[in-house]
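Participant: Okay, handing you the structure first.
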Amino acid sequence: MEIVIKLSQFLLSLSLLIILHELGHFIPAKLFKTRVEKFYLFFDIKFSLLKKKIGETEYGIGWLPLGGYVKISGMIDESMDKEQMALPPQPWEFRSKPAWQRLIIMLGGVTVNFILAFIIYIGMTFTYGDFYINNSEVKDGVWVSNPVVEKIGIKTGDKIIAVDGVKIDKFDQINEKILLGKEVTVERNGSIQKIKLPIDFIDKLMQGGKISIVDLRVPFVITGAEDNSPNKKTVQPKDIVTSFNGTPVKYADELFALIKNVKGKTVPATVKRDNKEITVSLIVSDSSKMGIGYAGRLPYDNLEKLGLYHVSKQEYGFFESFPIGLEKGKNQLVGYGKQLQLIFNPSTGAYKGVGGFAAIFNIFPNTWSWEVFWSITALLSIMLGVMNLLPIPALDGGHVMFLLYEMISGKKPSDKFMENAQMVGFVLLISLLVFANGNDIYKAIVGK
């Protein structure tokens with residue numbers, strides 16, 4: 001059932017983005033009286049799952065869910081319809097329209113993607129508001145469980161003050177800022193330290209097999225014990241370890257440090273169960289294991305109930321939601337632009353983390369949440385818009401590049417040149433798809 005929910009969210013989000021993107025091309029084409037021969041969700045190579053012709057346009061659903069397309073008459077696109085292009089230009093064809101109209105048609109798809117993302121962020125702001133933990137509330141610092149992060153100098157208990165000299169106000173901003181940053185300012189034992197991030201930091205994270213950078217410090221909340229654990233009858237789900245071998249324990253990382261000192265021993269511990277303190281004995285194996293699962297992350301409302309952090313709640317009226325939502329959309333757009341810069345800089349190693357359809361599929365959770373669904377869809381809409389603007393001939397950005405050249409120089413590239421450019425772009429695009437999806441396969445094989 002979980003895989004069905006995950007797949008449903010993936011296909012619904014993908015279908016919504018594709019249809020609206022193609023509508024962005026379709027509507028201005030029709031407004032400028034340009035014939036649209038096909039409007040397809042997914043690709044219909046050899047055959048389609050469903051199709052119906054209405055007027056001059058065939059609408060359909062293809063079988064290959066790698067995107068979608070509109071086929072516009074008189075346009076050199078992925079269909080490579082050379083027979084049509086060999087005929088004299090007709091008034092209803094794309095090539096017969098003024099350059100400014102063709103530019104609007106080509107920019108329509110990405111324009112819709114960006115507008116959609118901003119509308120979603122505005123709607124989410126109005127519907128859900130904001131829940132966050134102020135960075136100043138993280139009194140005991142962050143939790144660093146990633147050895148790669150520890151090696152560069154960030155330690156558990158550090159308070160992250162700023163990244164690249166910019167103060168961090170909200171805790172949930174920290175990981176993205178560090179991922180895209182060059183220098184982290186931390187407070188450790190009352191003193192301020194600056195930590196330089198290596199240029200290949202992202203590459204090191206991926207090689208370590210763990211992308212997390214810092215987390216909130218949380219208590220050791222037990223989720224259950226393994227079947228072969230000697231502690232199975234001792235502990236219960238939702239127990240919270242509050243002391244271990246006579247030492248008070250507030251956070252899970254403190255317990256892990258204490259366990260290392262009592263390998264192969266049975267030690268006294270205190271757990272909080274139904275608001276009562278209960279003394280138990282816990283057995284630690286020679287490999288510092290207890291066979292007990294714990295919740296590495298807890299919902300914000302649970303953390304507030306435990307008295308660890310104050311969660312700020314901000315609700316917005318309808319008109320208030322517009323500037324806040326627009327700001328969120330802008331920040332996501334700028335952040336994704338910075339990620340692309342890292343990807344195209346080989347020295348960062350970020351290109352190794354590029355994923356394909358499997359990576360996108362895995363973003364969606366196993367449980368249905370409209371808030372999460374819309375958040376992911378908005379981000380994917382921005383990604384789709386930005387990627388389509390890349391100056392690759394097979395993409396919208398490639399067509400825009402040649403149209404701008406035509407408008408500036410007054411010279412229209414020949415059909416032969418456009419056909420060759422389209423082929424080059426198509427090869428580049430296929431290469432990118434193979435690389436991205438190849439990364440997915442490699443990660444699945446090596447388990448990272």
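Labels for the structure tokens follow display order: chains A, B, ..., residues from 1 in each chain, ligands from 1.
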With only C-alpha atoms as the counted atoms, please give the residues lying no more than 12 Å from region 127-134 of chain A, apart from itself and same-chain residues fewer than 6 positions off, as a ChimeraX atom specification.

Facilitator: /A:120-121,160-161,167-174,216,299-301,303-304,308-318,320-322,324-325,328,370-372,374-375

Participant: Give me, as a list in words, all polymer residues having an atom no more than 8 Å from Asn113 (chain A), counting only C-alpha atoms and skipping those fewer than 5 positions away in the same chain.

Facilitator: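 Everything that qualifies: Leu17, Leu20, His21, Ser381, Ile382, Leu384 and Gly385 of chain A.
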
Participant: Which residues, written as a PDB file with C-alpha atoms, in the first residue's frame, have at least one atom at most 10 Å from Phe43 (chain A), with only C-alpha atoms counted and residues fewer than 4 positions away on the same chain left out?

Facilitator:
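Result written to selection_3.pdb:
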```pdb
ATOM      1  CA  PHE A  47       1.561   3.980 -29.867  1.00  0.00           C
ATOM      2  CA  SER A  48      -0.514   5.882 -27.297  1.00  0.00           C
ATOM      3  CA  LEU A  49      -2.659   4.653 -24.412  1.00  0.00           C
ATOM      4  CA  GLY A  60      -3.583  11.926 -25.860  1.00  0.00           C
ATOM      5  CA  ILE A  61      -1.705  10.044 -23.164  1.00  0.00           C
ATOM      6  CA  GLY A  62       1.475   8.210 -24.130  1.00  0.00           C
ATOM      7  CA  TRP A  63       2.933   5.133 -22.489  1.00  0.00           C
ATOM      8  CA  LEU A  64       6.423   6.477 -21.651  1.00  0.00           C
ATOM      9  CA  PRO A  65       6.250   8.755 -18.549  1.00  0.00           C
ATOM     10  CA  LEU A  66       9.397  10.767 -19.261  1.00  0.00           C
ATOM     11  CA  GLY A  67       7.647  14.040 -20.023  1.00  0.00           C
ATOM     12  CA  GLY A  68       5.128  15.366 -22.531  1.00  0.00           C
ATOM     13  CA  TYR A  69       4.935  17.619 -25.574  1.00  0.00           C
TER      14      TYR A  69
END
```

Participant: Considering only alpha helix (DSSP H) as DSSP defines it on the backbone, what residues of region 66-149 of chain A qualify? List them as an mmCIF file with C-alpha atoms, in the first residue's frame.

Facilitator:
```
data_model
loop_
_atom_site.group_PDB
_atom_site.id
_atom_site.type_symbol
_atom_site.label_atom_id
_atom_site.label_comp_id
_atom_site.auth_asym_id
_atom_site.auth_seq_id
_atom_site.Cartn_x
_atom_site.Cartn_y
_atom_site.Cartn_z
ATOM 1 C CA LYS A 82 11.465 17.299 -42.270
ATOM 2 C CA GLU A 83 8.656 16.681 -44.773
ATOM 3 C CA GLN A 84 6.557 19.476 -43.359
ATOM 4 C CA MET A 85 9.524 21.822 -43.210
ATOM 5 C CA ALA A 86 10.315 21.128 -46.885
ATOM 6 C CA ALA A 99 9.868 36.487 -33.798
ATOM 7 C CA TRP A 100 8.263 38.133 -30.760
ATOM 8 C CA GLN A 101 5.238 35.823 -31.001
ATOM 9 C CA ARG A 102 7.459 32.760 -31.349
ATOM 10 C CA LEU A 103 9.439 33.928 -28.298
ATOM 11 C CA ILE A 104 6.275 34.202 -26.190
ATOM 12 C CA ILE A 105 5.168 30.723 -27.307
ATOM 13 C CA MET A 106 8.537 29.221 -26.334
ATOM 14 C CA LEU A 107 8.691 31.017 -22.973
ATOM 15 C CA GLY A 108 5.107 30.029 -22.110
ATOM 16 C CA GLY A 109 6.007 26.663 -20.556
ATOM 17 C CA VAL A 110 8.645 27.879 -18.113
ATOM 18 C CA THR A 111 6.537 30.955 -17.303
ATOM 19 C CA VAL A 112 3.693 28.688 -16.203
ATOM 20 C CA ASN A 113 6.134 26.584 -14.135
ATOM 21 C CA PHE A 114 7.349 29.614 -12.197
ATOM 22 C CA ILE A 115 3.850 31.058 -11.761
ATOM 23 C CA LEU A 116 2.582 27.681 -10.531
ATOM 24 C CA ALA A 117 5.375 27.423 -7.944
ATOM 25 C CA PHE A 118 4.655 30.909 -6.590
ATOM 26 C CA ILE A 119 0.903 30.216 -6.451
ATOM 27 C CA ILE A 120 1.547 27.002 -4.495
ATOM 28 C CA TYR A 121 3.812 28.788 -2.007
ATOM 29 C CA ILE A 122 1.210 31.523 -1.515
ATOM 30 C CA GLY A 123 -1.527 28.920 -1.018
ATOM 31 C CA MET A 124 0.564 26.898 1.433
ATOM 32 C CA THR A 125 1.427 30.025 3.399
ATOM 33 C CA PHE A 126 -2.265 30.887 3.750
ATOM 34 C CA THR A 127 -3.397 27.303 4.473
ATOM 35 C CA TYR A 128 -0.640 26.004 6.750
ATOM 36 C CA PRO A 147 31.668 11.527 10.494
ATOM 37 C CA VAL A 148 32.344 13.618 7.371
ATOM 38 C CA VAL A 149 30.898 16.711 9.052
#
```

Participant: For Glu277 (chain A), please output as an MDAnalysis selection string all residues within 10 Å (counting only C-alpha atoms; exclusion window: fewer than 4 positions along the same chain).

Facilitator: chainID A and resid 239:243 270:273

Participant: In Å, rounded to a single decimal, give me how far CA of Asn228 (chain A) is from CA of Glu2 (chain A).

Facilitator: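 Result for CA of Glu2 (chain A) versus CA of Asn228 (chain A): 26.9 Å, one decimal.
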